[in-house]
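**Student:** File coords_25.txt below, compact mmCIF, C-alpha atoms:
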```txt
# COMPACT_ATOMS: atom_id res chain seq x y z
CA MET A 37 0.00 0.00 0.00
CA ALA A 38 1.32 3.43 -0.95
CA THR A 39 2.08 5.63 2.01
CA GLU A 40 0.88 9.21 2.17
CA ARG A 41 4.39 10.36 1.31
CA GLU A 42 4.65 8.00 -1.67
CA LEU A 43 1.30 9.13 -3.03
CA SER A 44 2.25 12.77 -2.58
CA ASP A 45 5.62 12.25 -4.29
CA PHE A 46 3.99 10.43 -7.15
CA LEU A 47 1.41 13.16 -7.71
CA LYS A 48 4.14 15.78 -7.51
CA SER A 49 6.12 13.97 -10.19
CA VAL A 50 3.22 13.81 -12.65
CA GLU A 51 1.08 16.87 -11.95
CA LYS A 52 2.83 19.33 -14.26
CA ARG A 53 3.00 16.95 -17.20
CA ALA A 54 -0.62 15.98 -16.57
CA PHE A 55 -1.59 19.65 -16.61
CA LYS A 56 0.24 20.36 -19.86
CA ARG A 57 -1.20 17.23 -21.46
CA SER A 58 -4.68 18.33 -20.47
CA VAL A 59 -4.02 21.78 -21.89
CA TYR A 60 -2.95 20.24 -25.19
CA HIS A 61 -6.18 18.28 -25.23
CA VAL A 62 -8.76 20.81 -24.04
CA ARG A 63 -6.93 24.07 -24.86
CA ASP A 64 -8.18 25.70 -21.68
CA GLU A 65 -5.97 26.13 -18.61
CA GLU A 66 -8.87 26.37 -16.14
CA ALA A 67 -10.46 23.24 -17.51
CA ALA A 68 -7.09 21.48 -17.52
CA LEU A 69 -6.57 22.36 -13.85
CA ASP A 70 -10.02 21.02 -13.02
CA ILE A 71 -9.31 17.80 -14.90
CA VAL A 72 -6.00 17.24 -13.15
CA GLN A 73 -7.53 18.00 -9.75
CA GLU A 74 -10.41 15.62 -10.39
CA SER A 75 -7.98 12.92 -11.52
CA MET A 76 -5.86 13.37 -8.40
CA MET A 77 -8.91 13.16 -6.15
CA LYS A 78 -10.19 10.02 -7.85
CA LEU A 79 -6.81 8.34 -7.64
CA ALA A 80 -6.43 9.17 -3.96
CA GLU A 81 -10.00 8.33 -2.97
CA HIS A 82 -10.39 5.10 -4.89
CA TYR A 83 -6.86 3.78 -5.32
CA GLY A 84 -4.92 5.37 -2.48
CA ASP A 85 -4.42 1.94 -0.95
CA LYS A 86 -2.78 0.47 -4.06
CA PRO A 87 0.95 -0.27 -4.28
CA PRO A 88 3.07 2.62 -5.62
CA ALA A 89 3.99 0.65 -8.75
CA GLU A 90 0.35 0.60 -9.86
CA LEU A 91 -0.23 4.32 -9.45
CA PRO A 92 1.22 5.58 -12.79
CA MET A 93 -0.97 3.34 -14.93
CA LEU A 94 -4.06 4.06 -12.84
CA PHE A 95 -3.46 7.79 -12.97
CA GLN A 96 -3.01 7.83 -16.75
CA ARG A 97 -6.25 5.92 -17.16
CA ILE A 98 -8.12 8.22 -14.80
CA LEU A 99 -6.70 11.32 -16.49
CA SER A 100 -7.80 10.05 -19.90
CA ASN A 101 -11.27 9.27 -18.61
CA CYS A 102 -11.60 12.65 -16.91
CA THR A 103 -10.55 14.38 -20.15
CA LEU A 104 -13.14 12.39 -22.09
CA ASP A 105 -15.77 13.27 -19.49
CA TRP A 106 -14.91 16.94 -19.92
CA PHE A 107 -15.40 16.70 -23.67
CA ARG A 108 -18.74 14.93 -23.12
CA ARG A 109 -19.88 17.65 -20.74
CA GLN A 110 -18.81 20.34 -23.22
CA LYS A 111 -20.73 18.58 -25.96
CA THR A 112 -23.85 18.45 -23.79
CA ARG A 113 -23.47 22.08 -22.78
CA LYS A 114 -23.00 23.18 -26.36
CA ALA A 115 -26.08 21.22 -27.37
CA LEU A 116 -28.09 22.84 -24.57
CA PHE A 117 -26.98 26.40 -25.12
CA SER A 118 -26.46 26.41 -28.87
CA ASN A 119 -29.60 28.49 -29.44
CA LEU A 120 -28.52 31.14 -26.93
CA SER A 121 -25.05 31.38 -28.42
CA ASP A 122 -26.58 32.12 -31.81
CA PHE A 123 -27.53 35.58 -30.48
CA GLU A 124 -24.00 36.42 -29.35
CA SER A 125 -21.83 38.50 -31.63
CA ALA A 126 -18.93 36.89 -33.42
CA SER A 127 -16.43 39.28 -31.83
CA GLU A 128 -16.96 38.10 -28.26
CA ASP A 129 -13.82 37.71 -26.20
CA GLY A 130 -14.79 34.16 -25.31
CA ASP A 131 -13.95 32.92 -28.80
CA PHE A 132 -10.87 30.76 -28.88
CA ASP A 133 -7.97 32.23 -30.76
CA LEU A 134 -4.73 30.28 -30.83
CA LEU A 135 -2.65 33.37 -31.49
CA GLU A 136 -4.20 35.19 -28.55
CA THR A 137 -3.67 32.18 -26.34
CA TYR A 138 -0.01 32.14 -27.08
CA SER A 139 0.55 35.88 -27.01
CA ALA A 140 0.99 35.81 -23.23
CA VAL A 141 3.52 33.02 -23.47
CA GLU A 142 5.27 34.88 -26.23
CA GLY A 143 5.43 38.02 -24.11
CA SER A 144 7.00 36.23 -21.19
CA GLN A 145 9.57 34.62 -23.40
CA GLN A 146 10.70 37.98 -24.81
CA ALA A 147 12.05 38.90 -21.42
CA GLU A 148 14.87 36.45 -22.02
CA SER A 149 17.55 38.17 -23.97
CA ALA A 150 19.69 35.21 -24.98
CA GLU A 151 19.25 34.11 -28.55
CA ASP A 152 19.26 30.46 -27.63
CA SER A 153 16.47 30.92 -25.16
CA THR A 154 14.35 32.68 -27.73
CA ARG A 155 15.03 30.00 -30.27
CA ARG A 156 14.25 27.28 -27.76
CA ALA A 157 11.02 28.94 -26.76
CA GLN A 158 10.02 29.34 -30.39
CA ILE A 159 10.61 25.65 -31.09
CA LEU A 160 8.65 24.71 -28.00
CA ARG A 161 5.70 26.85 -29.05
CA GLU A 162 5.70 25.37 -32.52
CA ILE A 163 5.88 21.86 -31.08
CA GLU A 164 3.01 22.59 -28.73
CA THR A 165 0.96 24.02 -31.56
CA GLU A 166 1.58 21.00 -33.74
CA ILE A 167 0.82 18.62 -30.89
CA GLN A 168 -2.48 20.38 -30.32
CA ALA A 169 -3.22 20.02 -34.02
CA LEU A 170 -2.83 16.24 -33.90
CA PRO A 171 -5.95 14.05 -33.82
CA ALA A 172 -6.88 13.28 -30.20
CA ARG A 173 -5.97 9.60 -30.20
CA GLN A 174 -2.64 10.21 -31.93
CA ARG A 175 -1.83 12.96 -29.46
CA GLU A 176 -2.76 10.79 -26.50
CA ALA A 177 -0.75 7.81 -27.73
CA PHE A 178 2.27 9.95 -28.59
CA LEU A 179 2.33 11.78 -25.23
CA MET A 180 1.87 8.63 -23.17
CA ARG A 181 4.41 6.67 -25.17
CA TYR A 182 7.19 9.26 -25.28
CA TRP A 183 6.46 11.91 -22.66
CA GLU A 184 5.17 9.63 -19.94
CA ASP A 185 7.76 7.07 -21.07
CA MET A 186 5.27 4.21 -21.07
CA ASP A 187 5.90 1.18 -23.24
CA VAL A 188 3.53 0.10 -26.00
CA ALA A 189 1.68 -2.42 -23.82
CA GLU A 190 1.17 0.09 -21.00
CA THR A 191 -0.04 2.75 -23.41
CA ALA A 192 -2.45 0.29 -24.99
CA ALA A 193 -3.80 -0.68 -21.57
CA ALA A 194 -4.20 2.96 -20.52
CA MET A 195 -5.92 3.89 -23.79
CA GLY A 196 -8.06 0.78 -23.88
CA CYS A 197 -6.94 -0.25 -27.36
CA SER A 198 -4.62 -2.77 -29.00
CA GLU A 199 -0.84 -2.47 -29.12
CA GLY A 200 -1.07 -2.34 -32.91
CA SER A 201 -3.30 0.72 -32.66
CA VAL A 202 -0.81 2.41 -30.34
CA LYS A 203 2.03 1.77 -32.79
CA THR A 204 -0.05 3.12 -35.66
CA HIS A 205 -1.08 6.24 -33.70
CA CYS A 206 2.50 6.92 -32.60
CA SER A 207 3.90 6.40 -36.06
CA ARG A 208 1.37 8.75 -37.63
CA ALA A 209 1.91 11.33 -34.91
CA VAL A 210 5.67 11.27 -35.41
CA GLN A 211 5.25 11.58 -39.17
CA ALA A 212 2.85 14.50 -38.83
CA LEU A 213 5.05 16.33 -36.31
CA SER A 214 8.21 15.70 -38.29
CA LYS A 215 6.61 16.93 -41.49
CA ALA A 216 5.12 20.04 -39.87
CA LEU A 217 8.32 21.04 -38.08
CA LYS A 218 10.43 20.42 -41.17
CA ALA A 219 8.10 22.65 -43.18
CA LYS A 220 8.78 25.42 -40.66
CA GLY A 221 12.51 24.79 -40.82
CA LEU A 222 12.67 23.57 -37.23
CA GLN A 223 14.62 20.68 -35.81
CA PRO A 224 13.43 19.36 -32.44
CA MET B 78 16.41 -6.57 -45.13
CA ASN B 79 12.84 -5.44 -44.46
CA VAL B 80 13.23 -6.22 -40.77
CA VAL B 81 16.38 -4.13 -40.55
CA THR B 82 14.70 -1.22 -42.35
CA ARG B 83 11.66 -1.45 -40.08
CA ASP B 84 13.78 -1.58 -36.93
CA LEU B 85 15.76 1.40 -38.13
CA ALA B 86 12.56 3.32 -38.83
CA LEU B 87 11.25 2.45 -35.35
CA ALA B 88 14.51 3.54 -33.75
CA ARG B 89 14.36 6.87 -35.60
CA GLN B 90 10.72 7.28 -34.60
CA ASP B 91 11.54 6.63 -30.95
CA GLN B 92 14.49 9.01 -31.12
CA PHE B 93 12.32 11.76 -32.59
CA GLY B 94 9.61 11.11 -29.98
CA HIS B 95 12.05 11.37 -27.12
CA ARG B 96 13.54 14.58 -28.51
CA ILE B 97 10.06 16.10 -28.62
CA ALA B 98 9.41 14.83 -25.08
CA ALA B 99 12.60 16.50 -23.87
CA ARG B 100 11.40 19.78 -25.36
CA LEU B 101 8.03 19.38 -23.68
CA ASP B 102 9.73 18.74 -20.34
CA SER B 103 11.14 22.22 -20.48
CA ALA B 104 7.58 23.54 -20.86
CA THR B 105 6.61 22.06 -17.50
CA LEU B 106 9.48 23.94 -15.83
CA GLU B 107 8.06 27.25 -16.98
CA LEU B 108 4.57 26.91 -15.58
CA PRO B 109 3.13 30.13 -14.10
CA ARG B 110 3.40 30.36 -10.34
CA ASP B 111 -0.36 30.44 -9.78
CA VAL B 112 -0.81 27.25 -11.80
CA ALA B 113 1.94 25.51 -9.84
CA GLU B 114 0.31 26.64 -6.59
CA ARG B 115 -3.09 25.39 -7.63
CA LEU B 116 -1.59 22.05 -8.60
CA ARG B 117 0.11 21.87 -5.23
CA ALA B 118 -3.14 22.66 -3.42
CA ALA B 119 -5.00 20.04 -5.47
CA ARG B 120 -2.32 17.48 -4.64
CA MET B 121 -2.53 18.21 -0.91
CA GLN B 122 -6.32 17.99 -1.00
CA ALA B 123 -6.14 14.66 -2.80
CA VAL B 124 -3.57 13.23 -0.39
CA ALA B 125 -5.76 14.30 2.54
CA LYS B 126 -8.60 12.24 1.11
CA ARG B 127 -6.42 9.21 0.48
CA LYS B 128 -8.20 5.89 0.78
CA VAL B 129 -6.74 3.84 3.59
CA THR B 130 -7.53 0.15 3.97
CA ALA B 131 -8.71 -0.59 7.49
CA LEU B 132 -6.10 -2.67 9.26
CA GLN B 133 -6.83 -5.20 12.02
CA PRO B 134 -5.94 -3.38 15.23
CA ALA B 135 -3.17 -5.01 17.19
CA HIS B 136 -3.74 -6.00 20.82
CA ALA B 137 -2.95 -3.03 22.92
CA ALA B 138 -0.59 -3.47 25.79
CA ASN B 139 -2.41 -3.31 29.10
CA VAL B 140 -0.50 -1.46 31.70
CA SER B 141 -1.50 -2.20 35.25
CA ALA B 142 -1.20 0.12 38.17
CA ASP B 143 2.17 -1.28 39.19
CA GLY B 144 3.62 -0.67 35.74
CA GLN B 145 3.44 -4.24 34.39
CA ALA B 146 2.47 -4.44 30.72
CA THR B 147 0.71 -7.45 29.23
CA LEU B 148 -0.15 -8.16 25.62
CA GLY B 149 -3.47 -9.71 24.59
CA GLY B 150 -5.08 -8.75 27.85
CA ASP B 151 -8.49 -8.43 26.27
CA GLU B 152 -9.14 -12.22 26.27
CA GLY B 153 -10.75 -12.07 29.75
CA PRO B 154 -13.21 -9.27 29.00
CA ARG B 155 -14.17 -11.02 25.76
CA PHE B 156 -15.02 -14.21 27.72
CA TRP B 157 -17.11 -12.34 30.28
CA HIS B 158 -18.78 -10.42 27.50
CA GLY B 159 -19.85 -13.77 25.97
CA ILE B 160 -21.15 -15.00 29.30
CA ALA B 161 -23.08 -11.80 29.86
CA SER B 162 -24.66 -12.10 26.40
CA ALA B 163 -25.76 -15.70 27.08
CA LEU B 164 -27.27 -14.96 30.52
CA PRO B 165 -30.62 -13.54 29.35
CA LEU B 166 -31.10 -16.53 27.04
CA LEU B 167 -30.37 -18.97 29.86
CA ALA B 168 -32.80 -17.12 32.15
CA LEU B 169 -35.52 -17.30 29.51
CA VAL B 170 -35.09 -21.06 29.03
CA ALA B 171 -35.09 -21.68 32.81
CA GLY B 172 -38.25 -19.59 33.19
CA LEU B 173 -40.07 -21.50 30.46
CA VAL B 174 -39.13 -24.88 32.02
CA THR B 175 -40.32 -23.71 35.47
CA ILE B 176 -43.66 -22.51 34.09
CA HIS B 177 -44.17 -25.82 32.27
CA VAL B 178 -43.43 -27.88 35.41
CA VAL B 179 -45.70 -25.77 37.64
CA GLN B 180 -48.62 -25.92 35.20
CA THR B 181 -48.31 -29.71 34.77
CA GLU B 182 -48.26 -30.13 38.55
CA ARG B 183 -51.33 -27.94 39.02
CA ARG B 184 -53.29 -29.80 36.31
CA ALA B 185 -52.46 -33.19 37.86
CA ARG B 186 -53.54 -31.94 41.29
CA GLU B 187 -56.85 -30.69 39.92
CA LEU B 188 -57.59 -34.06 38.28
CA ALA B 189 -56.70 -35.89 41.49
CA ASP B 190 -59.07 -33.67 43.45
CA VAL B 191 -61.95 -34.46 41.05
CA ASP B 192 -61.24 -38.21 41.22
CA ALA B 193 -61.07 -38.13 45.02
CA ALA B 194 -64.36 -36.20 45.22
CA LEU B 195 -66.07 -38.75 42.97
CA LEU B 196 -64.75 -41.70 44.93
CA ILE B 197 -65.75 -40.48 48.38
CA ASP B 198 -69.18 -39.21 47.31
CA ASP B 199 -72.37 -41.31 47.90
CA LEU B 200 -73.61 -43.38 44.95
CA PRO B 201 -76.97 -42.05 43.75
CA PRO B 202 -79.83 -44.69 43.49
CA ALA B 203 -80.42 -43.84 39.86
CA ALA B 204 -77.00 -45.30 39.10
CA TYR B 205 -78.28 -48.81 39.73
CA ALA B 206 -80.88 -48.37 36.97
CA ASP B 207 -78.06 -47.75 34.48
CA PRO B 208 -77.40 -51.02 32.55
CA GLY B 209 -73.86 -49.94 31.87
CA PHE B 210 -73.16 -49.48 35.58
CA VAL B 211 -74.69 -52.85 36.42
CA GLN B 212 -72.54 -54.47 33.76
CA PHE B 213 -69.51 -52.66 35.23
CA LEU B 214 -70.31 -54.08 38.69
CA LYS B 215 -70.62 -57.61 37.27
CA THR B 216 -67.26 -57.55 35.63
CA ASP B 217 -64.35 -58.83 37.60
CA HIS B 218 -61.79 -56.19 38.47
```
Kindly return the structure encoded in the file as structure tokens.

**Tutor:**
Amino acid sequence: MATERELSDFLKSVEKRAFKRSVYHVRDEEAALDIVQESMMKLAEHYGDKPPAELPMLFQRILSNCTLDWFRRQKTRKALFSNLSDFESASEDGDFDLLETYSAVEGSQQAESAEDSTRRAQILREIETEIQALPARQREAFLMRYWEDMDVAETAAAMGCSEGSVKTHCSRAVQALSKALKAKGLQP
Amino acid sequence: MNVVTRDLALARQDQFGHRIAARLDSATLELPRDVAERLRAARMQAVAKRKVTALQPAHAANVSADGQATLGGDEGPRFWHGIASALPLLALVAGLVTIHVVQTERRARELADVDAALLIDDLPPAAYADPGFVQFLKTDH
């Protein structure tokens, strides 16, 4: 059974990556924070007595499910309020704009004067943009496989699909990212 | 040949994936302070609600007045607790048996009284006109 310290250390080790992954999926920091918090609570409440070795897989599964739940809720909400939103003007601030979203990040990066830092930040932004542009399943498979450092079998178990599907998703994701970054003259 | 090409392609794919992952790692280091704080608060809240499997409590050491400690000292109280639970049941059974005995005794005494009253009473003359009674008298007892 994981001790309180072990659970805390585990959550600390994954929380930032989980947050960024959720942001890539839902493109909303507030929603991503809610998803990560909900995932943490579910893990602690339902699986807090599990051995530490089982926590990473459980957490990835819970995080994926919570993200899916968020999309389902958004779909329901959009269906419910679609008529009301028809009356809103197109120039509302609530509209998602990728350039606006990244303007804040861009502004903070400009404070760094070193050329390398600027270059690094630019590559990171482009990578993040391209990752967000990937189809959801490809993005999920790619991030679990390479960022969470899970093997193919673990990724398949967490995604609830076959290992062949994981390999296909990862391969397509790598091809898409490679092609997009090459077109922009960037080397990861 | 195909196997070698495929393995090479997989190795390149993995290498590319890990390079991207390394870039993404740097993104997590630059999270805004308020986001990091909210994540920390969420983590602490989750840990506070951690599910804990109930463990069998160990026998507490009983420390007597003179300082002697004994383990497993709750065996005695458990025995007396069992006895105390069984006492009402035993009392109920004993009560039922007593009631049954007393009632049987009373019924037998009542029947004996009736028989005795019949035997010591005078025989009415009409009894001799009863053919059944005459037959009863003729039979050898």

**Student:** How close does each residue of chain B get to chain A, giving the shortest atom pair and distance in Å to one decimal for every residue with an atom at most 10 Å away, counting all atoms listed in the file, sorted by chain and residue number, as CSV?

**Tutor:**
```
residue,atom,partner,partner_atom,distance
B:Ala86,CA,A:Ser207,CA,9.6
B:Leu87,CA,A:Ser207,CA,8.4
B:Arg89,CA,A:Val210,CA,9.7
B:Gln90,CA,A:Val210,CA,6.5
B:Asp91,CA,A:Tyr182,CA,7.6
B:Gln92,CA,A:Tyr182,CA,9.4
B:Phe93,CA,A:Val210,CA,7.2
B:Gly94,CA,A:Tyr182,CA,5.6
B:His95,CA,A:Tyr182,CA,5.6
B:Arg96,CA,A:Pro224,CA,6.2
B:Ile97,CA,A:Pro224,CA,6.0
B:Ala98,CA,A:Trp183,CA,4.8
B:Ala99,CA,A:Trp183,CA,7.8
B:Arg100,CA,A:Leu160,CA,6.2
B:Leu101,CA,A:Leu160,CA,6.9
B:Asp102,CA,A:Arg53,CA,7.6
B:Ser103,CA,A:Leu160,CA,8.3
B:Ala104,CA,A:Leu160,CA,7.3
B:Thr105,CA,A:Lys52,CA,5.7
B:Leu106,CA,A:Lys52,CA,8.2
B:Glu107,CA,A:Val141,CA,9.8
B:Leu108,CA,A:Lys52,CA,7.9
B:Pro109,CA,A:Val141,CA,9.8
B:Val112,CA,A:Leu69,CA,7.8
B:Ala113,CA,A:Lys52,CA,7.6
B:Arg115,CA,A:Leu69,CA,7.7
B:Leu116,CA,A:Glu51,CA,6.7
B:Arg117,CA,A:Lys48,CA,7.7
B:Ala118,CA,A:Gln73,CA,9.0
B:Ala119,CA,A:Gln73,CA,5.4
B:Arg120,CA,A:Leu47,CA,6.5
B:Met121,CA,A:Ser44,CA,7.4
B:Gln122,CA,A:Met77,CA,7.5
B:Ala123,CA,A:Met77,CA,4.6
B:Val124,CA,A:Ala80,CA,6.1
B:Ala125,CA,A:Ala80,CA,8.3
B:Lys126,CA,A:Glu81,CA,5.8
B:Arg127,CA,A:Ala80,CA,4.4
B:Lys128,CA,A:Gly84,CA,4.7
B:Val129,CA,A:Asp85,CA,5.4
B:Thr130,CA,A:Asp85,CA,6.1
B:Ala131,CA,A:Asp85,CA,9.8
```

**Student:** Store the residues picked out above in a file with C-alpha atoms, as an mmCIF file, in the frame of the given file.

**Tutor:**
```cif
data_model
loop_
_atom_site.group_PDB
_atom_site.id
_atom_site.type_symbol
_atom_site.label_atom_id
_atom_site.label_comp_id
_atom_site.auth_asym_id
_atom_site.auth_seq_id
_atom_site.Cartn_x
_atom_site.Cartn_y
_atom_site.Cartn_z
ATOM 1 C CA ALA B 86 12.560 3.320 -38.830
ATOM 2 C CA LEU B 87 11.250 2.450 -35.350
ATOM 3 C CA ARG B 89 14.360 6.870 -35.600
ATOM 4 C CA GLN B 90 10.720 7.280 -34.600
ATOM 5 C CA ASP B 91 11.540 6.630 -30.950
ATOM 6 C CA GLN B 92 14.490 9.010 -31.120
ATOM 7 C CA PHE B 93 12.320 11.760 -32.590
ATOM 8 C CA GLY B 94 9.610 11.110 -29.980
ATOM 9 C CA HIS B 95 12.050 11.370 -27.120
ATOM 10 C CA ARG B 96 13.540 14.580 -28.510
ATOM 11 C CA ILE B 97 10.060 16.100 -28.620
ATOM 12 C CA ALA B 98 9.410 14.830 -25.080
ATOM 13 C CA ALA B 99 12.600 16.500 -23.870
ATOM 14 C CA ARG B 100 11.400 19.780 -25.360
ATOM 15 C CA LEU B 101 8.030 19.380 -23.680
ATOM 16 C CA ASP B 102 9.730 18.740 -20.340
ATOM 17 C CA SER B 103 11.140 22.220 -20.480
ATOM 18 C CA ALA B 104 7.580 23.540 -20.860
ATOM 19 C CA THR B 105 6.610 22.060 -17.500
ATOM 20 C CA LEU B 106 9.480 23.940 -15.830
ATOM 21 C CA GLU B 107 8.060 27.250 -16.980
ATOM 22 C CA LEU B 108 4.570 26.910 -15.580
ATOM 23 C CA PRO B 109 3.130 30.130 -14.100
ATOM 24 C CA VAL B 112 -0.810 27.250 -11.800
ATOM 25 C CA ALA B 113 1.940 25.510 -9.840
ATOM 26 C CA ARG B 115 -3.090 25.390 -7.630
ATOM 27 C CA LEU B 116 -1.590 22.050 -8.600
ATOM 28 C CA ARG B 117 0.110 21.870 -5.230
ATOM 29 C CA ALA B 118 -3.140 22.660 -3.420
ATOM 30 C CA ALA B 119 -5.000 20.040 -5.470
ATOM 31 C CA ARG B 120 -2.320 17.480 -4.640
ATOM 32 C CA MET B 121 -2.530 18.210 -0.910
ATOM 33 C CA GLN B 122 -6.320 17.990 -1.000
ATOM 34 C CA ALA B 123 -6.140 14.660 -2.800
ATOM 35 C CA VAL B 124 -3.570 13.230 -0.390
ATOM 36 C CA ALA B 125 -5.760 14.300 2.540
ATOM 37 C CA LYS B 126 -8.600 12.240 1.110
ATOM 38 C CA ARG B 127 -6.420 9.210 0.480
ATOM 39 C CA LYS B 128 -8.200 5.890 0.780
ATOM 40 C CA VAL B 129 -6.740 3.840 3.590
ATOM 41 C CA THR B 130 -7.530 0.150 3.970
ATOM 42 C CA ALA B 131 -8.710 -0.590 7.490
#
```

**Student:** Have a look at CA of Thr216 in chain B and CA of Ala204 in chain B and let me know their distance in Å, one decimal.

**Tutor:** 16.0 Å

**Student:** Take CA of Ile71 in chain A and CA of Ser58 in chain A and report the distance between them in Å, one decimal.

**Tutor:**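 Interatomic distance, CA of Ile71 in chain A to CA of Ser58 in chain A: 7.3 Å.
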
**Student:** Quick one: pull the distance between CA of Ser201 in chain A and CA of Met186 in chain A, Å, one decimal.

**Tutor:**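 Here the two named atoms are 14.8 Å from each other.
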